[in-house]
There are 2 protein chains.
Amino acid sequence: MNRNPTGLSPRFHNEVPQDDDRERRVCDHCGFVDYENPRIIVGSVAIWEDRVLLCRRAIEPRRGYWTLPAGFMEKGESPGEGARREAWEEARAELEVDQLLGVYSVPHVGHVQMIYRARLLSDTIAPGPESEEVKLFPFDALPPLEERAFPSVSWALRHYLETRERIDFAPRSAPLPEADEAVPGL
Amino acid sequence: MNRNPTGLSPRFHNEVPQDDDRERRVCDHCGFVDYENPRIIVGSVAIWEDRVLLCRRAIEPRRGYWTLPAGFMEKGESPGEGARREAWEEARAELEVDQLLGVYSVPHVGHVQMIYRARLLSDTIAPGPESEEVKLFPFDALPPLEERAFPSVSWALRHYLETRERIDFAPRSAPLPEADEAVPGL
């Protein structure tokens with residue numbers, strides 16, 4: 001079945017749609033308005049007996065670097081359900097989601113990361129298609145900074161350690177840039 | 001300038017794009033994949049001397065009903081900045097954002113609401129283009145349930161009252177449906 005009778009690809013220009021107050025991407029061909037809303041990334045600091053689950057990425061960006069199980073939230077799920085799905089997809093890990101640990105906003109790329117504290121239901125883990133390797137790391141033997149995929153991996157690990165004894169606390173935010181120097185190794 | 005040379009409007013069918021694992025909306029005409037990510041709504045319970053700012057909606061849905069200042073987060077801003085922008089757009093109110101009060105996930109419509117506790121910088125408010133009326137309500141004289149635009153208005157007001165004396169607490173979630181009966185008037 002010919003799904004694309006025009007043979008065209010989407011091509012966007014910028015214009016302010018009617019009843020709107022800012023420029024949006026509008027397709028030259030079909031008039032589709034791409035609102036480019038910020039996207040939600042859901043993930044977890046998932047713990048098994050004082051060790052944390054990390055995944056070595058098999059995909060770009062940052063292929064070969066260690067990250068938390070996390071990814072784009074899908075429609076039809078809650079953020080916590082998304083964090084559970086990502087842990088399954090990336091590490092075949094099952095977990096119980098606990099509290100919201102961090103809300104890390106990255107405005108210039110339009111991402112909001114929602115990272116949960118979570119408890120692994122077992123230490124049975126295995127790489128999913130987007131991971132080269134998955135592993136439980138003790139906190140005194142984490143991958144060094146230069147082997148971590150994103151700054152938010154370090155933020156979330158730090159915020160986990162700061163709040164691990166607490167049961168009711170405000171989610172942490174992305175630190176100011178200079179604060180990253182304050183805790184060597186985290 | 002003719003921005004839409006084909007004269008077409010977008011028309012979508014469902015298919016699983018290459019390298020994806022679920023059906024997406026793909027435009028018949030141009031092949032655009034509409035990922036339909038969940039959208040973030042940012043807003044606030046904004047307080048001036050024990051009164052809360054509510055706006056009577058001038059637009060659908062729920063035109064004429066009372067709501068918190070809130071709306072879709074835009075790319076390029078943090079959730080807190082979005083909450084401040086919405087308060088300005090809807091009520092010409094300036095506020096200082098405090099803590100994240102609630103994260104209300106509405107999976108079936110693909111929304112995640114992030115509602116902040118906030119302090120108004122003055123009681124100077126005025127309707128923006130999307131509001132018929134804006135007003136500061138004492139908590140013992142709130143609009144009745146049937147005049148509120150959305151259930152989340154009541155959730156956020158209730159969660160504000162539950163946490164108003166606290167400075168470090170976990171954001172609340174949407175209550176289970178039966179819990180809505182528990183606090184008449186809130």
# chains A, B, ... in the order shown; residues from 1 in each chain; ligands from 1

call {"tool": "interface_residues", "arguments": {"of": "chain A", "to": "chain B", "cutoff": "6 Å", "atoms": "only C-alpha atoms", "output": "PDB file with N, CA, C and O atoms, in the first residue's frame"}}
result
ATOM      1  N   ARG A   3       1.807   4.424   1.151  1.00  0.00           N
ATOM      2  CA  ARG A   3       1.508   5.235   2.316  1.00  0.00           C
ATOM      3  C   ARG A   3       1.894   6.688   2.113  1.00  0.00           C
ATOM      4  O   ARG A   3       1.625   7.527   2.929  1.00  0.00           O
ATOM      5  N   ASN A   4       2.621   6.989   1.086  1.00  0.00           N
ATOM      6  CA  ASN A   4       3.183   8.332   0.933  1.00  0.00           C
ATOM      7  C   ASN A   4       3.052   8.734  -0.530  1.00  0.00           C
ATOM      8  O   ASN A   4       4.029   8.806  -1.272  1.00  0.00           O
ATOM      9  N   THR A   6       2.581  11.381  -2.212  1.00  0.00           N
ATOM     10  CA  THR A   6       3.255  12.545  -2.788  1.00  0.00           C
ATOM     11  C   THR A   6       4.744  12.301  -2.981  1.00  0.00           C
ATOM     12  O   THR A   6       5.399  13.035  -3.713  1.00  0.00           O
ATOM     13  N   LEU A   8       6.886  12.986  -0.836  1.00  0.00           N
ATOM     14  CA  LEU A   8       7.575  14.091  -0.177  1.00  0.00           C
ATOM     15  C   LEU A   8       8.096  13.686   1.201  1.00  0.00           C
ATOM     16  O   LEU A   8       7.609  12.748   1.814  1.00  0.00           O
ATOM     17  N   SER A   9       9.088  14.411   1.695  1.00  0.00           N
ATOM     18  CA  SER A   9       9.510  14.318   3.086  1.00  0.00           C
ATOM     19  C   SER A   9       9.100  15.612   3.773  1.00  0.00           C
ATOM     20  O   SER A   9       8.952  16.639   3.114  1.00  0.00           O
ATOM     21  N   PRO A  10       8.922  15.559   5.122  1.00  0.00           N
ATOM     22  CA  PRO A  10       8.508  16.805   5.777  1.00  0.00           C
ATOM     23  C   PRO A  10       9.589  17.874   5.625  1.00  0.00           C
ATOM     24  O   PRO A  10      10.771  17.578   5.643  1.00  0.00           O
ATOM     25  N   ASP A  28       6.084  22.792   5.219  1.00  0.00           N
ATOM     26  CA  ASP A  28       5.789  23.438   3.935  1.00  0.00           C
ATOM     27  C   ASP A  28       4.712  22.692   3.167  1.00  0.00           C
ATOM     28  O   ASP A  28       3.904  23.275   2.446  1.00  0.00           O
ATOM     29  N   HIS A  29       4.748  21.365   3.278  1.00  0.00           N
ATOM     30  CA  HIS A  29       3.899  20.547   2.413  1.00  0.00           C
ATOM     31  C   HIS A  29       2.470  20.454   2.914  1.00  0.00           C
ATOM     32  O   HIS A  29       1.530  20.532   2.145  1.00  0.00           O
ATOM     33  N   CYS A  30       2.328  20.212   4.231  1.00  0.00           N
ATOM     34  CA  CYS A  30       0.987  19.846   4.692  1.00  0.00           C
ATOM     35  C   CYS A  30       0.450  20.756   5.793  1.00  0.00           C
ATOM     36  O   CYS A  30      -0.675  20.566   6.249  1.00  0.00           O
ATOM     37  N   GLY A  31       1.235  21.746   6.221  1.00  0.00           N
ATOM     38  CA  GLY A  31       0.723  22.681   7.215  1.00  0.00           C
ATOM     39  C   GLY A  31       0.756  22.160   8.644  1.00  0.00           C
ATOM     40  O   GLY A  31       0.292  22.839   9.567  1.00  0.00           O
ATOM     41  N   PHE A  32       1.323  20.960   8.849  1.00  0.00           N
ATOM     42  CA  PHE A  32       1.413  20.409  10.209  1.00  0.00           C
ATOM     43  C   PHE A  32       2.231  21.345  11.100  1.00  0.00           C
ATOM     44  O   PHE A  32       3.294  21.805  10.710  1.00  0.00           O
ATOM     45  N   ASN A  37       7.160  20.352  22.029  1.00  0.00           N
ATOM     46  CA  ASN A  37       7.098  20.490  23.480  1.00  0.00           C
ATOM     47  C   ASN A  37       8.332  19.883  24.109  1.00  0.00           C
ATOM     48  O   ASN A  37       8.961  19.006  23.531  1.00  0.00           O
ATOM     49  N   PRO A  38       8.658  20.350  25.308  1.00  0.00           N
ATOM     50  CA  PRO A  38       9.759  19.704  26.027  1.00  0.00           C
ATOM     51  C   PRO A  38       9.449  18.223  26.195  1.00  0.00           C
ATOM     52  O   PRO A  38       8.289  17.833  26.335  1.00  0.00           O
ATOM     53  N   GLU A  74       6.745   7.551  27.430  1.00  0.00           N
ATOM     54  CA  GLU A  74       5.767   7.322  26.360  1.00  0.00           C
ATOM     55  C   GLU A  74       4.387   7.786  26.825  1.00  0.00           C
ATOM     56  O   GLU A  74       4.080   7.787  28.023  1.00  0.00           O
ATOM     57  N   LYS A  75       3.569   8.138  25.858  1.00  0.00           N
ATOM     58  CA  LYS A  75       2.180   8.447  26.152  1.00  0.00           C
ATOM     59  C   LYS A  75       1.493   7.190  26.701  1.00  0.00           C
ATOM     60  O   LYS A  75       1.792   6.076  26.278  1.00  0.00           O
ATOM     61  N   GLY A  76       0.596   7.352  27.643  1.00  0.00           N
ATOM     62  CA  GLY A  76      -0.150   6.211  28.172  1.00  0.00           C
ATOM     63  C   GLY A  76       0.451   5.600  29.421  1.00  0.00           C
ATOM     64  O   GLY A  76      -0.088   4.644  29.958  1.00  0.00           O
ATOM     65  N   GLU A  77       1.570   6.144  29.869  1.00  0.00           N
ATOM     66  CA  GLU A  77       2.177   5.642  31.107  1.00  0.00           C
ATOM     67  C   GLU A  77       2.419   6.817  32.043  1.00  0.00           C
ATOM     68  O   GLU A  77       2.496   7.967  31.612  1.00  0.00           O
ATOM     69  N   SER A  78       2.554   6.499  33.348  1.00  0.00           N
ATOM     70  CA  SER A  78       2.953   7.518  34.304  1.00  0.00           C
ATOM     71  C   SER A  78       4.478   7.596  34.296  1.00  0.00           C
ATOM     72  O   SER A  78       5.155   6.705  33.776  1.00  0.00           O
ATOM     73  N   SER A 105      16.130  19.843  34.737  1.00  0.00           N
ATOM     74  CA  SER A 105      15.651  20.526  33.549  1.00  0.00           C
ATOM     75  C   SER A 105      16.842  20.931  32.693  1.00  0.00           C
ATOM     76  O   SER A 105      17.823  21.479  33.199  1.00  0.00           O
ATOM     77  N   PRO A 107      16.917  23.138  29.692  1.00  0.00           N
ATOM     78  CA  PRO A 107      16.082  23.949  28.799  1.00  0.00           C
ATOM     79  C   PRO A 107      16.608  24.061  27.368  1.00  0.00           C
ATOM     80  O   PRO A 107      15.817  24.038  26.422  1.00  0.00           O
ATOM     81  N   HIS A 108      17.934  24.137  27.189  1.00  0.00           N
ATOM     82  CA  HIS A 108      18.422  24.409  25.827  1.00  0.00           C
ATOM     83  C   HIS A 108      18.207  23.224  24.885  1.00  0.00           C
ATOM     84  O   HIS A 108      18.209  23.396  23.676  1.00  0.00           O
ATOM     85  N   GLY A 110      15.493  21.210  25.666  1.00  0.00           N
ATOM     86  CA  GLY A 110      14.069  20.939  25.840  1.00  0.00           C
ATOM     87  C   GLY A 110      13.774  19.611  26.510  1.00  0.00           C
ATOM     88  O   GLY A 110      12.804  18.938  26.170  1.00  0.00           O
ATOM     89  N   ASP A 168      10.801  11.336  52.925  1.00  0.00           N
ATOM     90  CA  ASP A 168       9.900  12.383  52.451  1.00  0.00           C
ATOM     91  C   ASP A 168      10.744  13.635  52.234  1.00  0.00           C
ATOM     92  O   ASP A 168      11.084  14.330  53.176  1.00  0.00           O
ATOM     93  N   PHE A 169      11.116  13.875  50.993  1.00  0.00           N
ATOM     94  CA  PHE A 169      12.023  14.999  50.713  1.00  0.00           C
ATOM     95  C   PHE A 169      11.701  15.560  49.337  1.00  0.00           C
ATOM     96  O   PHE A 169      11.144  14.864  48.477  1.00  0.00           O
ATOM     97  N   ALA A 170      12.093  16.812  49.145  1.00  0.00           N
ATOM     98  CA  ALA A 170      11.855  17.462  47.857  1.00  0.00           C
ATOM     99  C   ALA A 170      12.845  16.915  46.827  1.00  0.00           C
ATOM    100  O   ALA A 170      14.024  16.736  47.130  1.00  0.00           O
TER     101      ALA A 170
END

call {"tool": "residues_around", "arguments": {"residues": "region 45-61 of chain A", "least_positions_apart": "4", "cutoff": "8 Å", "atoms": "only C-alpha atoms", "output": "NGL selection string"}}
result
:A and (65-69 or 90-91 or 95 or 115-123 or 127 or 129-139 or 156-157 or 160)

call {"tool": "atom_distance", "arguments": {"atom1": "CA of Gln18 (chain A)", "atom2": "CA of Arg63 (chain B)"}}
result
19.7 Å

call {"tool": "select_by_dssp", "arguments": {"residues": "chain A", "states": "helix (DSSP H, G or I)", "output": "MDAnalysis selection string"}}
result
chainID A and resid 79:91 107:109 139:141 145:147 151:163 177:181

call {"tool": "select_by_dssp", "arguments": {"residues": "chain B", "states": "strand (DSSP E or B)", "output": "PyMOL selection string"}}
result
chain B and resi 12-15+24-27+33-34+39-48+51-57+66-67+70-72+95-106+111-120+131-138+148+172

call {"tool": "decode", "arguments": {"residues": "region 18-54 of chain B", "atoms": "N, CA, C and O atoms", "output": "tab-separated table (two decimals), in the first residue's frame"}}
result
chain	number	residue	atom	x	y	z
B	18	GLN	N	10.76	2.41	11.29
B	18	GLN	CA	12.01	1.64	11.38
B	18	GLN	C	12.72	1.94	12.71
B	18	GLN	O	12.75	3.08	13.16
B	19	ASP	N	13.29	0.90	13.32
B	19	ASP	CA	14.04	1.03	14.58
B	19	ASP	C	13.16	1.44	15.76
B	19	ASP	O	13.67	1.85	16.80
B	20	ASP	N	11.86	1.36	15.61
B	20	ASP	CA	10.98	1.67	16.72
B	20	ASP	C	10.29	0.39	17.15
B	20	ASP	O	10.42	-0.65	16.50
B	21	ASP	N	9.57	0.44	18.28
B	21	ASP	CA	8.94	-0.78	18.77
B	21	ASP	C	7.44	-0.61	18.99
B	21	ASP	O	6.81	-1.45	19.60
B	22	ARG	N	6.88	0.49	18.51
B	22	ARG	CA	5.43	0.65	18.65
B	22	ARG	C	4.90	1.56	17.55
B	22	ARG	O	5.65	2.28	16.89
B	23	GLU	N	3.58	1.49	17.37
B	23	GLU	CA	2.95	2.30	16.33
B	23	GLU	C	3.03	3.78	16.64
B	23	GLU	O	2.85	4.20	17.79
B	24	ARG	N	3.30	4.56	15.59
B	24	ARG	CA	3.28	6.02	15.72
B	24	ARG	C	2.36	6.57	14.64
B	24	ARG	O	2.08	5.90	13.65
B	25	ARG	N	1.97	7.83	14.80
B	25	ARG	CA	1.23	8.52	13.75
B	25	ARG	C	2.23	9.01	12.70
B	25	ARG	O	3.18	9.72	13.04
B	26	VAL	N	2.02	8.62	11.46
B	26	VAL	CA	2.90	9.03	10.36
B	26	VAL	C	2.03	9.71	9.32
B	26	VAL	O	0.95	9.21	8.96
B	27	CYS	N	2.50	10.86	8.83
B	27	CYS	CA	1.69	11.63	7.87
B	27	CYS	C	1.69	10.92	6.51
B	27	CYS	O	2.73	10.57	5.98
B	28	ASP	N	0.48	10.73	5.95
B	28	ASP	CA	0.36	10.13	4.62
B	28	ASP	C	1.13	10.92	3.57
B	28	ASP	O	1.66	10.37	2.63
B	29	HIS	N	1.13	12.24	3.73
B	29	HIS	CA	1.65	13.09	2.67
B	29	HIS	C	3.17	13.20	2.70
B	29	HIS	O	3.82	13.14	1.67
B	30	CYS	N	3.72	13.38	3.90
B	30	CYS	CA	5.14	13.76	3.92
B	30	CYS	C	5.99	12.82	4.77
B	30	CYS	O	7.20	12.99	4.86
B	31	GLY	N	5.39	11.81	5.39
B	31	GLY	CA	6.20	10.85	6.15
B	31	GLY	C	6.61	11.33	7.53
B	31	GLY	O	7.34	10.63	8.23
B	32	PHE	N	6.14	12.51	7.94
B	32	PHE	CA	6.50	13.02	9.27
B	32	PHE	C	6.01	12.05	10.35
B	32	PHE	O	4.86	11.59	10.30
B	33	VAL	N	6.89	11.72	11.30
B	33	VAL	CA	6.51	10.85	12.41
B	33	VAL	C	6.18	11.72	13.62
B	33	VAL	O	7.03	12.47	14.10
B	34	ASP	N	4.95	11.62	14.08
B	34	ASP	CA	4.50	12.43	15.21
B	34	ASP	C	4.63	11.56	16.47
B	34	ASP	O	3.78	10.72	16.74
B	35	TYR	N	5.71	11.77	17.23
B	35	TYR	CA	5.96	10.89	18.37
B	35	TYR	C	4.99	11.09	19.52
B	35	TYR	O	4.93	10.25	20.41
B	36	GLU	N	4.25	12.17	19.52
B	36	GLU	CA	3.23	12.38	20.55
B	36	GLU	C	3.74	12.10	21.94
B	36	GLU	O	3.19	11.29	22.67
B	37	ASN	N	4.84	12.74	22.29
B	37	ASN	CA	5.36	12.56	23.64
B	37	ASN	C	4.38	13.14	24.64
B	37	ASN	O	3.59	14.03	24.31
B	38	PRO	N	4.43	12.63	25.86
B	38	PRO	CA	3.59	13.25	26.89
B	38	PRO	C	3.95	14.74	26.99
B	38	PRO	O	5.10	15.13	26.78
B	39	ARG	N	2.96	15.53	27.30
B	39	ARG	CA	3.21	16.97	27.40
B	39	ARG	C	3.19	17.40	28.87
B	39	ARG	O	2.44	16.86	29.68
B	40	ILE	N	4.03	18.37	29.17
B	40	ILE	CA	4.17	18.86	30.54
B	40	ILE	C	3.32	20.12	30.71
B	40	ILE	O	3.46	21.07	29.93
B	41	ILE	N	2.48	20.10	31.72
B	41	ILE	CA	1.73	21.30	32.11
B	41	ILE	C	2.37	21.84	33.39
B	41	ILE	O	2.59	21.08	34.34
B	42	VAL	N	2.72	23.11	33.38
B	42	VAL	CA	3.33	23.73	34.55
B	42	VAL	C	2.40	24.78	35.11
B	42	VAL	O	1.72	25.49	34.37
B	43	GLY	N	2.35	24.86	36.43
B	43	GLY	CA	1.45	25.82	37.05
B	43	GLY	C	1.80	26.01	38.51
B	43	GLY	O	2.81	25.48	38.99
B	44	SER	N	0.96	26.77	39.20
B	44	SER	CA	1.30	27.10	40.58
B	44	SER	C	0.06	27.27	41.45
B	44	SER	O	-1.02	27.63	40.97
B	45	VAL	N	0.26	26.97	42.73
B	45	VAL	CA	-0.63	27.44	43.79
B	45	VAL	C	0.06	28.68	44.33
B	45	VAL	O	1.04	28.59	45.06
B	46	ALA	N	-0.40	29.84	43.88
B	46	ALA	CA	0.30	31.11	44.14
B	46	ALA	C	-0.44	31.86	45.24
B	46	ALA	O	-1.65	32.13	45.12
B	47	ILE	N	0.30	32.20	46.29
B	47	ILE	CA	-0.31	32.68	47.53
B	47	ILE	C	0.05	34.14	47.80
B	47	ILE	O	1.20	34.55	47.61
B	48	TRP	N	-0.95	34.90	48.24
B	48	TRP	CA	-0.74	36.25	48.76
B	48	TRP	C	-1.49	36.36	50.09
B	48	TRP	O	-2.73	36.31	50.08
B	49	GLU	N	-0.76	36.41	51.19
B	49	GLU	CA	-1.37	36.57	52.51
B	49	GLU	C	-2.55	35.62	52.73
B	49	GLU	O	-3.68	36.04	52.98
B	50	ASP	N	-2.27	34.34	52.64
B	50	ASP	CA	-3.28	33.30	52.89
B	50	ASP	C	-4.43	33.26	51.89
B	50	ASP	O	-5.43	32.59	52.13
B	51	ARG	N	-4.26	33.94	50.79
B	51	ARG	CA	-5.25	33.80	49.72
B	51	ARG	C	-4.56	33.21	48.49
B	51	ARG	O	-3.37	33.42	48.27
B	52	VAL	N	-5.34	32.52	47.69
B	52	VAL	CA	-4.77	31.81	46.53
B	52	VAL	C	-5.33	32.40	45.24
B	52	VAL	O	-6.52	32.73	45.14
B	53	LEU	N	-4.44	32.51	44.26
B	53	LEU	CA	-4.81	33.07	42.96
B	53	LEU	C	-5.52	32.03	42.09
B	53	LEU	O	-4.96	30.98	41.80
B	54	LEU	N	-6.74	32.35	41.69
B	54	LEU	CA	-7.44	31.50	40.71
B	54	LEU	C	-7.88	32.37	39.53
B	54	LEU	O	-8.05	33.59	39.65
